[in-house]
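Dropping input-v6.cif in here (mmCIF, C-alpha atoms):
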data_start
#
loop_
_atom_site.label_atom_id
_atom_site.label_comp_id
_atom_site.auth_asym_id
_atom_site.auth_seq_id
_atom_site.Cartn_x
_atom_site.Cartn_y
_atom_site.Cartn_z
CA MET A 1 -23.11 3.71 -29.79
CA ILE A 2 -24.31 6.26 -27.28
CA VAL A 3 -21.81 8.14 -25.09
CA LYS A 4 -22.66 10.35 -22.11
CA GLN A 5 -20.16 12.01 -19.79
CA GLU A 6 -20.13 13.44 -16.29
CA SER A 7 -17.35 15.46 -14.69
CA LEU A 8 -16.54 16.63 -11.18
CA THR A 9 -13.86 19.27 -10.77
CA ALA A 10 -11.46 19.29 -7.82
CA LYS A 11 -13.80 21.51 -5.81
CA MET A 12 -16.88 19.34 -6.40
CA THR A 13 -18.00 16.28 -4.44
CA LEU A 14 -20.13 13.27 -5.32
CA LYS A 15 -23.13 15.17 -3.96
CA ASP A 16 -22.76 17.53 -6.92
CA LEU A 17 -23.68 14.82 -9.42
CA PRO A 18 -27.14 15.37 -10.95
CA ALA A 19 -29.93 13.37 -9.36
CA ALA A 20 -30.51 11.37 -12.54
CA SER A 21 -27.88 9.40 -14.43
CA PRO A 22 -27.43 10.60 -18.04
CA LEU A 23 -27.31 7.02 -19.37
CA PRO A 24 -28.69 4.55 -16.79
CA MET A 25 -28.65 1.60 -19.21
CA ALA A 26 -24.98 1.98 -20.09
CA ASN A 27 -23.00 -1.24 -20.67
CA LEU A 28 -19.59 0.20 -19.86
CA VAL A 29 -18.50 3.04 -17.59
CA LEU A 30 -14.94 4.38 -17.60
CA VAL A 31 -13.82 6.26 -14.48
CA PHE A 32 -10.58 8.24 -14.23
CA GLY A 33 -9.54 10.34 -11.25
CA SER A 34 -6.84 10.98 -8.68
CA VAL A 35 -5.89 8.53 -5.93
CA LYS A 36 -7.63 10.89 -3.53
CA ARG A 37 -10.87 10.62 -5.52
CA PHE A 38 -10.82 6.84 -5.32
CA GLY A 39 -10.46 7.12 -1.55
CA ASP A 40 -14.07 8.30 -1.25
CA SER A 41 -15.84 5.42 0.51
CA LYS A 42 -19.12 6.10 -1.29
CA LEU A 43 -17.75 6.15 -4.84
CA GLU A 44 -18.35 2.50 -5.72
CA SER A 45 -21.93 2.38 -4.44
CA ILE A 46 -22.91 5.69 -6.05
CA LEU A 47 -21.53 4.64 -9.43
CA LYS A 48 -23.30 1.27 -9.25
CA THR A 49 -26.57 2.96 -8.34
CA ARG A 50 -26.25 5.40 -11.24
CA TYR A 51 -25.22 2.71 -13.73
CA PRO A 52 -26.78 -0.56 -12.51
CA ALA A 53 -26.37 -2.44 -15.81
CA ALA A 54 -22.77 -1.41 -16.47
CA GLN A 55 -19.37 -2.88 -15.96
CA ILE A 56 -17.52 -0.07 -14.16
CA ILE A 57 -13.78 0.13 -14.69
CA GLY A 58 -11.03 2.70 -14.43
CA CYS A 59 -7.96 3.81 -12.55
CA SER A 60 -6.14 6.57 -10.73
CA THR A 61 -4.20 9.05 -12.80
CA SER A 62 -1.51 11.68 -13.00
CA GLY A 63 -4.08 14.03 -14.50
CA GLU A 64 -7.48 13.57 -16.10
CA ILE A 65 -8.33 14.26 -19.75
CA SER A 66 -11.66 15.42 -21.15
CA ALA A 67 -12.84 17.48 -24.10
CA ASP A 68 -12.75 20.48 -21.77
CA GLY A 69 -9.06 20.12 -20.98
CA VAL A 70 -6.68 18.55 -18.47
CA PHE A 71 -7.49 18.44 -14.76
CA ASP A 72 -6.03 17.36 -11.44
CA ASP A 73 -8.10 15.78 -8.67
CA SER A 74 -11.17 15.70 -10.89
CA LEU A 75 -13.41 12.72 -11.60
CA GLN A 76 -14.18 11.93 -15.24
CA ILE A 77 -17.04 9.47 -15.83
CA THR A 78 -17.81 8.22 -19.34
CA ALA A 79 -20.82 5.96 -19.91
CA VAL A 80 -21.13 3.90 -23.10
CA LEU A 81 -24.16 2.05 -24.43
CA TRP A 82 -23.23 -0.41 -27.17
CA GLU A 83 -25.99 -0.88 -29.72
CA LYS A 84 -24.47 -3.87 -31.54
CA THR A 85 -21.07 -4.59 -29.98
CA ILE A 86 -20.69 -7.32 -27.38
CA GLN A 87 -18.31 -6.83 -24.45
CA ARG A 88 -16.72 -9.18 -21.94
CA VAL A 89 -14.86 -7.85 -18.90
CA THR A 90 -12.37 -9.70 -16.74
CA HIS A 91 -9.83 -8.80 -14.09
CA THR A 92 -7.33 -10.20 -11.63
CA LYS A 93 -5.11 -9.02 -8.80
CA MET A 94 -1.37 -9.25 -9.33
CA THR A 95 0.70 -11.31 -6.93
CA SER A 96 4.03 -9.82 -8.03
CA MET A 97 5.54 -7.85 -10.91
CA GLN A 98 7.38 -11.00 -11.98
CA ASN A 99 4.03 -12.63 -12.85
CA SER A 100 2.98 -9.94 -15.34
CA TYR A 101 3.28 -12.23 -18.38
CA GLU A 102 1.40 -15.14 -16.80
CA THR A 103 -1.32 -12.80 -15.52
CA ALA A 104 -1.96 -11.51 -19.03
CA VAL A 105 -2.03 -15.02 -20.50
CA ASP A 106 -4.75 -16.01 -18.07
CA LEU A 107 -6.86 -12.94 -18.82
CA ALA A 108 -6.37 -13.29 -22.58
CA ARG A 109 -7.57 -16.90 -22.55
CA GLN A 110 -10.82 -15.71 -20.95
CA LEU A 111 -11.34 -13.18 -23.75
CA LYS A 112 -10.15 -15.13 -26.79
CA SER A 113 -12.80 -15.62 -29.49
CA ASP A 114 -12.98 -15.59 -33.27
CA ASP A 115 -15.02 -12.36 -33.27
CA LEU A 116 -12.81 -10.47 -30.81
CA LYS A 117 -11.91 -7.11 -32.40
CA ALA A 118 -10.16 -5.06 -29.69
CA VAL A 119 -9.17 -5.17 -26.03
CA LEU A 120 -8.99 -2.33 -23.51
CA VAL A 121 -6.40 -2.92 -20.77
CA TYR A 122 -5.92 -0.91 -17.57
CA SER A 123 -3.38 -1.95 -14.97
CA ASP A 124 -1.68 -0.94 -11.77
CA GLY A 125 1.06 1.56 -12.56
CA LEU A 126 3.76 0.51 -10.12
CA ASN A 127 3.42 -3.24 -9.57
CA VAL A 128 3.18 -4.39 -13.20
CA ASN A 129 5.81 -4.84 -15.89
CA GLY A 130 3.96 -3.33 -18.84
CA SER A 131 6.18 -4.95 -21.46
CA GLU A 132 5.67 -8.42 -20.05
CA LEU A 133 1.94 -7.79 -19.67
CA LEU A 134 1.52 -6.91 -23.35
CA GLU A 135 3.66 -9.86 -24.44
CA GLY A 136 1.42 -12.17 -22.42
CA PHE A 137 -1.73 -10.85 -24.08
CA LYS A 138 -0.18 -11.11 -27.56
CA SER A 139 0.96 -14.70 -26.97
CA VAL A 140 -2.72 -15.70 -26.83
CA LEU A 141 -4.52 -13.05 -28.89
CA GLY A 142 -2.02 -12.40 -31.66
CA ASP A 143 -2.62 -9.18 -33.61
CA ILE A 144 -5.78 -8.04 -31.80
CA PRO A 145 -5.25 -4.33 -30.94
CA LEU A 146 -4.63 -3.70 -27.25
CA MET A 147 -5.34 -0.16 -26.01
CA GLY A 148 -5.16 1.44 -22.58
CA GLY A 149 -2.51 2.16 -20.01
CA MET A 150 -0.98 1.93 -16.56
CA ALA A 151 -2.55 3.86 -13.68
CA GLY A 152 -0.88 6.98 -12.32
CA ASP A 153 -0.37 8.72 -8.99
CA GLY A 154 0.51 12.26 -9.98
CA PHE A 155 4.25 12.74 -9.62
CA ASN A 156 4.27 10.82 -6.32
CA PHE A 157 5.04 7.24 -7.48
CA SER A 158 3.61 5.97 -4.19
CA GLN A 159 0.43 3.97 -4.94
CA THR A 160 -1.96 3.59 -7.83
CA VAL A 161 -5.48 2.15 -7.62
CA GLN A 162 -7.97 0.64 -10.02
CA ILE A 163 -11.76 0.21 -9.94
CA PHE A 164 -13.65 -2.88 -11.04
CA ASN A 165 -17.37 -2.55 -10.26
CA GLU A 166 -17.56 -2.42 -6.46
CA THR A 167 -13.88 -3.13 -5.87
CA ILE A 168 -11.22 -0.42 -5.54
CA SER A 169 -7.72 -1.79 -5.03
CA ASN A 170 -4.13 -1.57 -6.12
CA GLY A 171 -2.49 -4.38 -8.09
CA LEU A 172 -5.41 -4.96 -10.46
CA VAL A 173 -5.24 -5.69 -14.18
CA ILE A 174 -8.57 -5.15 -15.97
CA ALA A 175 -9.28 -6.21 -19.56
CA VAL A 176 -12.35 -5.50 -21.70
CA GLY A 177 -12.90 -7.60 -24.81
CA LEU A 178 -15.01 -6.01 -27.57
CA TYR A 179 -16.61 -8.31 -30.14
CA GLY A 180 -18.48 -8.26 -33.43
CA LYS A 181 -18.39 -6.86 -36.95
CA ASN A 182 -20.09 -3.60 -35.97
CA LEU A 183 -17.23 -2.37 -33.79
CA VAL A 184 -15.01 0.33 -35.32
CA ALA A 185 -11.62 0.54 -33.60
CA ALA A 186 -8.46 2.46 -34.43
CA ALA A 187 -5.36 3.53 -32.56
CA GLY A 188 -2.80 6.31 -32.86
CA VAL A 189 0.56 6.96 -31.19
CA GLY A 190 2.63 10.16 -31.22
CA ARG A 191 5.86 11.18 -29.50
CA GLY A 192 7.72 14.45 -30.01
CA TRP A 193 10.91 13.52 -28.11
CA LYS A 194 14.41 13.98 -29.51
CA PRO A 195 17.47 11.93 -28.47
CA TYR A 196 20.60 13.74 -27.29
CA GLY A 197 24.03 12.80 -26.00
CA PRO A 198 26.13 9.79 -27.00
CA PRO A 199 24.55 6.34 -27.43
CA ARG A 200 25.02 3.97 -24.51
CA LYS A 201 24.96 0.19 -24.61
CA VAL A 202 22.89 -1.63 -21.97
CA THR A 203 25.47 -4.09 -20.65
CA ARG A 204 23.49 -5.44 -17.71
CA SER A 205 19.75 -5.47 -17.10
CA GLU A 206 17.05 -7.67 -15.62
CA LYS A 207 13.90 -7.08 -17.66
CA ASN A 208 12.84 -3.53 -16.69
CA VAL A 209 15.75 -2.93 -14.27
CA VAL A 210 18.91 -1.44 -15.80
CA LEU A 211 22.05 -2.02 -13.75
CA GLU A 212 24.89 -1.09 -16.12
CA LEU A 213 25.44 1.14 -19.15
CA ASP A 214 28.70 0.70 -21.08
CA GLY A 215 29.90 -1.48 -18.22
CA LYS A 216 29.36 1.27 -15.63
CA PRO A 217 26.72 1.47 -12.85
CA ALA A 218 23.59 2.93 -14.37
CA LEU A 219 22.37 5.32 -11.64
CA PRO A 220 25.56 7.41 -11.22
CA LEU A 221 25.82 7.78 -15.01
CA TYR A 222 22.19 8.86 -15.21
CA ASN A 223 22.70 11.36 -12.38
CA MET A 224 25.71 12.83 -14.16
CA TYR A 225 23.62 13.55 -17.25
CA ILE A 226 20.67 15.16 -15.51
CA GLY A 227 22.73 17.09 -12.95
CA ALA A 228 23.04 16.86 -9.19
CA GLN A 229 20.16 19.24 -8.45
CA THR A 230 17.73 17.40 -10.72
CA ALA A 231 18.90 14.04 -9.36
CA LYS A 232 17.72 15.04 -5.88
CA GLY A 233 14.16 14.84 -7.17
CA LEU A 234 14.36 11.30 -8.55
CA PRO A 235 12.40 9.32 -9.56
CA GLY A 236 9.86 12.07 -10.28
CA SER A 237 12.37 14.43 -11.90
CA GLY A 238 13.41 11.61 -14.23
CA LEU A 239 10.12 11.98 -16.12
CA LYS A 240 11.74 14.78 -18.10
CA PHE A 241 14.71 12.58 -19.05
CA PRO A 242 13.45 9.26 -20.44
CA PHE A 243 15.50 6.70 -22.34
CA ALA A 244 15.14 6.32 -26.08
CA ILE A 245 15.80 2.78 -27.29
CA ILE A 246 17.38 3.14 -30.73
CA GLU A 247 16.58 0.79 -33.59
CA GLU A 248 19.38 -1.61 -34.42
CA GLY A 249 21.72 -0.10 -36.98
CA LYS A 250 19.73 3.15 -37.16
CA ARG A 251 19.39 6.48 -35.39
CA ASP A 252 15.59 6.34 -35.16
CA ILE A 253 13.74 5.85 -31.87
CA GLU A 254 12.19 2.40 -31.59
CA LYS A 255 10.53 3.07 -28.22
CA ILE A 256 10.87 5.24 -25.14
CA ARG A 257 11.07 4.13 -21.54
CA THR A 258 9.95 6.13 -18.48
CA LEU A 259 11.81 5.94 -15.17
CA LEU A 260 9.67 4.57 -12.33
CA ALA A 261 12.14 4.01 -9.50
CA ILE A 262 15.80 4.05 -8.49
CA ASP A 263 17.77 1.81 -6.14
CA SER A 264 20.77 3.60 -4.64
CA ALA A 265 22.10 0.41 -3.08
CA LYS A 266 22.20 -1.39 -6.45
CA ASN A 267 22.84 1.78 -8.50
CA SER A 268 19.97 0.67 -10.73
CA LEU A 269 17.14 2.29 -12.69
CA THR A 270 13.68 0.71 -12.90
CA PHE A 271 11.60 1.57 -15.97
CA ALA A 272 7.93 1.05 -16.83
CA GLY A 273 8.91 -1.53 -19.45
CA ASN A 274 11.78 -3.79 -20.37
CA VAL A 275 15.17 -2.47 -21.44
CA ASP A 276 17.07 -5.49 -22.73
CA GLU A 277 20.76 -6.19 -22.51
CA GLY A 278 22.50 -5.29 -25.76
CA GLU A 279 20.05 -2.53 -26.65
CA THR A 280 21.36 0.95 -27.44
CA VAL A 281 19.85 3.84 -25.50
CA ARG A 282 20.11 7.63 -25.52
CA PHE A 283 18.65 10.30 -23.30
CA CYS A 284 15.65 12.25 -24.59
CA GLN A 285 14.52 15.82 -24.38
CA ALA A 286 11.50 17.65 -25.77
CA THR A 287 9.90 21.04 -26.20
CA HIS A 288 6.27 21.98 -25.75
CA ASP A 289 5.71 22.46 -29.47
CA ARG A 290 7.24 19.10 -30.43
CA LEU A 291 5.11 17.26 -27.88
CA VAL A 292 1.92 18.94 -29.09
CA GLU A 293 2.85 18.07 -32.65
CA GLY A 294 3.34 14.45 -31.54
CA ALA A 295 -0.19 14.37 -30.09
CA GLY A 296 -1.46 15.64 -33.43
CA ASP A 297 0.40 12.80 -35.16
CA ALA A 298 -1.52 10.32 -32.99
CA ALA A 299 -4.86 11.86 -33.97
CA HIS A 300 -3.97 11.89 -37.66
CA LEU A 301 -3.07 8.19 -37.48
CA VAL A 302 -6.64 7.56 -36.30
CA THR A 303 -8.26 9.65 -39.03
CA ASN A 304 -6.06 8.00 -41.65
CA GLN A 305 -7.60 4.63 -40.71
CA ILE A 306 -11.28 5.45 -40.29
CA SER A 307 -13.83 8.23 -40.57
CA THR A 308 -14.60 10.08 -37.33
CA ASN A 309 -17.75 11.73 -38.66
CA GLN A 310 -20.01 9.45 -36.64
CA THR A 311 -20.41 9.31 -32.85
CA GLY A 312 -17.21 7.95 -31.34
CA LEU A 313 -15.10 7.86 -28.21
CA ALA A 314 -11.40 8.68 -28.05
CA ILE A 315 -9.69 7.30 -24.96
CA CYS A 316 -6.50 9.35 -24.70
CA VAL A 317 -3.70 7.96 -22.57
CA SER A 318 -0.72 10.29 -22.40
CA CYS A 319 2.42 10.03 -20.28
CA VAL A 320 2.96 11.89 -17.03
CA GLY A 321 6.39 12.86 -18.35
CA ARG A 322 4.78 14.91 -21.12
CA LYS A 323 2.68 16.66 -18.49
CA GLY A 324 5.83 17.43 -16.53
CA VAL A 325 7.45 19.10 -19.52
CA MET A 326 4.42 21.06 -20.72
CA ALA A 327 3.15 22.00 -17.23
CA GLU A 328 0.11 24.31 -17.41
CA LEU A 329 0.24 24.26 -21.22
CA VAL A 330 -0.35 20.50 -21.37
CA VAL A 331 -3.95 21.20 -22.39
CA ASP A 332 -2.62 22.18 -25.83
CA GLU A 333 -2.07 18.57 -26.83
CA VAL A 334 -5.64 17.65 -25.93
CA LYS A 335 -6.99 20.68 -27.79
CA LEU A 336 -5.20 19.59 -30.95
CA VAL A 337 -6.49 16.02 -30.66
CA LYS A 338 -10.03 17.34 -30.23
CA GLN A 339 -9.66 19.63 -33.25
CA ILE A 340 -8.45 16.80 -35.50
CA LEU A 341 -10.98 14.17 -34.39
CA GLY A 342 -13.94 16.54 -34.58
CA SER A 343 -16.97 17.42 -32.49
CA GLN A 344 -18.65 14.02 -32.96
CA THR A 345 -15.90 12.40 -30.89
CA ALA A 346 -16.25 12.33 -27.10
CA ILE A 347 -12.90 12.50 -25.33
CA THR A 348 -11.77 10.96 -22.05
CA GLY A 349 -8.52 9.59 -20.69
CA PHE A 350 -5.66 10.19 -18.31
CA TYR A 351 -1.96 10.81 -17.78
CA SER A 352 -0.28 7.52 -17.06
CA TYR A 353 2.85 5.64 -16.06
CA GLY A 354 2.75 3.73 -19.37
CA GLU A 355 0.58 3.54 -22.49
CA PHE A 356 -0.71 0.50 -24.40
CA ALA A 357 -1.32 0.71 -28.15
CA PRO A 358 -0.18 -0.80 -31.46
CA ARG A 359 2.98 0.65 -32.98
CA PRO A 360 2.20 3.19 -35.72
CA ASP A 361 1.04 1.53 -38.95
CA THR A 362 1.30 -1.97 -37.45
CA SER A 363 -0.86 -4.43 -35.51
CA ASP A 364 1.91 -5.00 -32.94
CA SER A 365 0.61 -3.76 -29.58
CA VAL A 366 3.35 -2.75 -27.13
CA LEU A 367 4.02 -0.70 -24.04
CA HIS A 368 4.82 2.91 -24.91
CA ASN A 369 6.25 5.60 -22.65
CA GLN A 370 6.29 9.36 -23.13
CA THR A 371 3.66 9.14 -25.88
CA MET A 372 0.15 10.33 -26.53
CA THR A 373 -1.90 7.27 -27.45
CA ILE A 374 -5.49 7.31 -28.68
CA GLY A 375 -7.82 4.35 -28.63
CA TYR A 376 -10.77 5.29 -30.85
CA LEU A 377 -14.04 3.33 -30.62
CA SER A 378 -17.28 3.62 -32.56
CA GLU A 379 -19.90 1.41 -34.20
CA ASP A 380 -21.02 0.87 -37.77
CA LEU A 381 -24.61 -0.25 -37.33
CA PHE A 382 -24.94 -1.33 -40.97
CA ALA A 383 -21.79 -3.49 -41.19
#

As a first step, turn the structure in this file into structure tokens.
Amino acid sequence: MIVKQESLTAKMTLKDLPAASPLPMANLVLVFGSVKRFGDSKLESILKTRYPAAQIIGCSTSGEISADGVFDDSLQITAVLWEKTIQRVTHTKMTSMQNSYETAVDLARQLKSDDLKAVLVYSDGLNVNGSELLEGFKSVLGDIPLMGGMAGDGFNFSQTVQIFNETISNGLVIAVGLYGKNLVAAAGVGRGWKPYGPPRKVTRSEKNVVLELDGKPALPLYNMYIGAQTAKGLPGSGLKFPFAIIEEGKRDIEKIRTLLAIDSAKNSLTFAGNVDEGETVRFCQATHDRLVEGAGDAAHLVTNQISTNQTGLAICVSCVGRKGVMAELVVDEVKLVKQILGSQTAITGFYSYGEFAPRPDTSDSVLHNQTMTIGYLSEDLFA
């Protein structure tokens, strides 16, 4: 595995790229940047010229991650040349959020094979139900690890875009199947959030839309908890107040859900993933230190599974809500991940509207919110 990276800061343009590509024979190129960056009409053609043999995929973000830190309005380009691993890339354009499950089933059938080892998934951030999407993939692929995330749009929640070779569009779901015994893949997930306030029962919901809590309209109750001033900034301000879904009969967090939209007419809350009727939820809060510690937990989960002493790539997908809490200190969580994984590991990634990864210490891939997830890839050439 050979990894080469290019980076353009907010003040740089495509003309600032070096004349020669650092890895012209790359198989796979990952591209993460702001919505504004993907609006450059020359981006697709320049990338294809620099990497003619590669499948080029990526998405807009709520902040870009590299080994050098966290950036806004930058462009992070990571080129990968597989030496033994085989890849297959597929994509589709969503017709509606309600078809998320069926969309994933169709893509998974195109990737299914006995030697499939891992799948990278990148989707639209606003027009996809992440929970349904992952369930669709799992219905076909079973326990194959799924890693990636939902595109972002800063704190705007207006439009996200994805890139697939020479196509830049919203509504895309892109999946990369990685095959063969030489692939080394591991995943880590870390949180750092703490529930507060009384538990509330979800008494009425429609997949990822919550209409009632404890028999009361959901939006007014949510507004009461976060305060009138904070409520004026919804849905963006809701990133700092996610829902924790509590494990049945326990006080532990099973998963966290990020607010994507509100509907004042229906008094409803729309989340990045499903919140089922009958589930118990609590509000969450976090501190900078706890979130950084959670990112470290994700990195340690990776190193507990495999050695990172060889050349590898860590694709970090963290939640925009974490960025909102940590503000200019958000780089601390990336610094800790880099320290734990070591200098042999190249780092890329983005801040998202939802993260895809297996649950800790399981093979059950699900939609996460408000987490740092790490999809680690490398090759063992002697396997």

Checklist entry - What separation in Å, quoted to one decimal, exists between atom CA of A:Thr203 and atom CA of A:Glu279? => result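 Separating atom CA of A:Thr203 from atom CA of A:Glu279 is a distance of 8.2 Å.
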
Checklist entry - Smallest atom-to-atom distance to A:Val189: which of A:Ser318, A:Ser352, A:Ser139, A:Ser45, using only C-alpha atoms? => result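 Between A:Ser318, A:Ser352, A:Ser139, A:Ser45, the residue approaching A:Val189 most closely is A:Ser318.
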
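Of the residues listed (A:Pro145, A:Gly342, A:Gly171, A:Gly233), A:Pro145 shows the shortest atom-to-atom separation from A:Val184; distances use all atoms listed in the file.
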
Checklist entry - Can you list, as a PyMOL selection string, every protein, DNA or RNA residue that comes within 7 Å of stretch 60-69 of chain A when you count only C-alpha atoms, leaving out same-chain residues fewer than 2 positions away? => result chain A and resi 32-35+71-72+74+76+151-155+160-162+320+331+334+338+346-352

Item to check | Atomic separation - atom CA of A:Ser41 relative to atom CA of A:Ile168, Å | outcome: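 Interatomic distance here is 9.6 Å.
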
Item to check | Selection under test: the PyMOL selection byres ((chain A and resi 290) around 12); residues as a PyMOL selection string | outcome: chain A and resi 190-194+285-289+291-297+322+325-326+330+332-333+371-372

Item to check | All residues 10 Å or closer to A:Glu166, only C-alpha atoms, same chain fewer than 6 positions away omitted, as a ChimeraX atom specification | outcome: /A:43-48,55-57

Item to check | Straight-line distance linking atom CA of A:Pro235 with atom CA of A:Arg37, stated in Å to one decimal | outcome: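 Between atom CA of A:Pro235 and atom CA of A:Arg37 the gap is 23.7 Å.
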
Checklist entry - With only C-alpha atoms as the atoms that count, which of A:Tyr179, A:Phe356, A:Phe137, A:Tyr51 lies nearest to A:Glu102? => result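 The answer is A:Phe137, which sits nearest to A:Glu102.
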
The centre and edge lengths of an axis-aligned box containing all atoms of stretch 301-317 of chain A present in the file, extended by 4 Å on each side, are to be given in Å to one decimal, as lines of an AutoDock Vina configuration file.
center_x = -11.7
center_y = 8.2
center_z = -32.1
size_x = 25.3
size_y = 15.1
size_z = 27.1

Item to check | Option closest in space to A:Leu260, from A:Leu234, A:Leu341, A:Ala175, A:Ile245 [counting all atoms listed in the file] | outcome: A:Leu234

Checklist entry - If we count all atoms listed in the file, what is near A:Glu135 at a cut-off of 12 Å, once residues fewer than 2 positions away on the same chain are taken out, given as number ranges by chain? => result A: 99-105, 108, 129-133, 137-143, 146, 273-274, 356, 364-367

Using only C-alpha atoms, please write the residues we just selected to a file, as a compact mmCIF listing (two decimals), in the coordinates of the input.
# COMPACT_ATOMS: atom_id res chain seq x y z
CA ASN A 99 4.03 -12.63 -12.85
CA SER A 100 2.98 -9.94 -15.34
CA TYR A 101 3.28 -12.23 -18.38
CA GLU A 102 1.40 -15.14 -16.80
CA THR A 103 -1.32 -12.80 -15.52
CA ALA A 104 -1.96 -11.51 -19.03
CA VAL A 105 -2.03 -15.02 -20.50
CA ALA A 108 -6.37 -13.29 -22.58
CA ASN A 129 5.81 -4.84 -15.89
CA GLY A 130 3.96 -3.33 -18.84
CA SER A 131 6.18 -4.95 -21.46
CA GLU A 132 5.67 -8.42 -20.05
CA LEU A 133 1.94 -7.79 -19.67
CA PHE A 137 -1.73 -10.85 -24.08
CA LYS A 138 -0.18 -11.11 -27.56
CA SER A 139 0.96 -14.70 -26.97
CA VAL A 140 -2.72 -15.70 -26.83
CA LEU A 141 -4.52 -13.05 -28.89
CA GLY A 142 -2.02 -12.40 -31.66
CA ASP A 143 -2.62 -9.18 -33.61
CA LEU A 146 -4.63 -3.70 -27.25
CA GLY A 273 8.91 -1.53 -19.45
CA ASN A 274 11.78 -3.79 -20.37
CA PHE A 356 -0.71 0.50 -24.40
CA ASP A 364 1.91 -5.00 -32.94
CA SER A 365 0.61 -3.76 -29.58
CA VAL A 366 3.35 -2.75 -27.13
CA LEU A 367 4.02 -0.70 -24.04

Checklist entry - When distances are computed from all atoms listed in the file, which of A:Ala26, A:Met224, A:Leu75, A:Ala20 shows the smallest separation from A:Glu6? => result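 Closest to A:Glu6, using all atoms listed in the file: A:Leu75.
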
Checklist entry - Which residues, written as a list of chain:residue names, have at least one atom at most 9 Å from A:Asn170, with all atoms listed in the file counted and residues fewer than 6 positions away on the same chain left out? => result A:Lys93, A:Met94, A:Ser123, A:Asp124, A:Gly125, A:Asn127, A:Gln159, A:Thr160, A:Val161, A:Gln162, A:Ile163

Next on the checklist: Running the PyMOL selection byres ((chain A and resi 117) around 8) on this model by hand, what would come out? Give it as a PyMOL selection string.
Outcome noted: chain A and resi 115-116+118-119+144-145+177-181+183+185
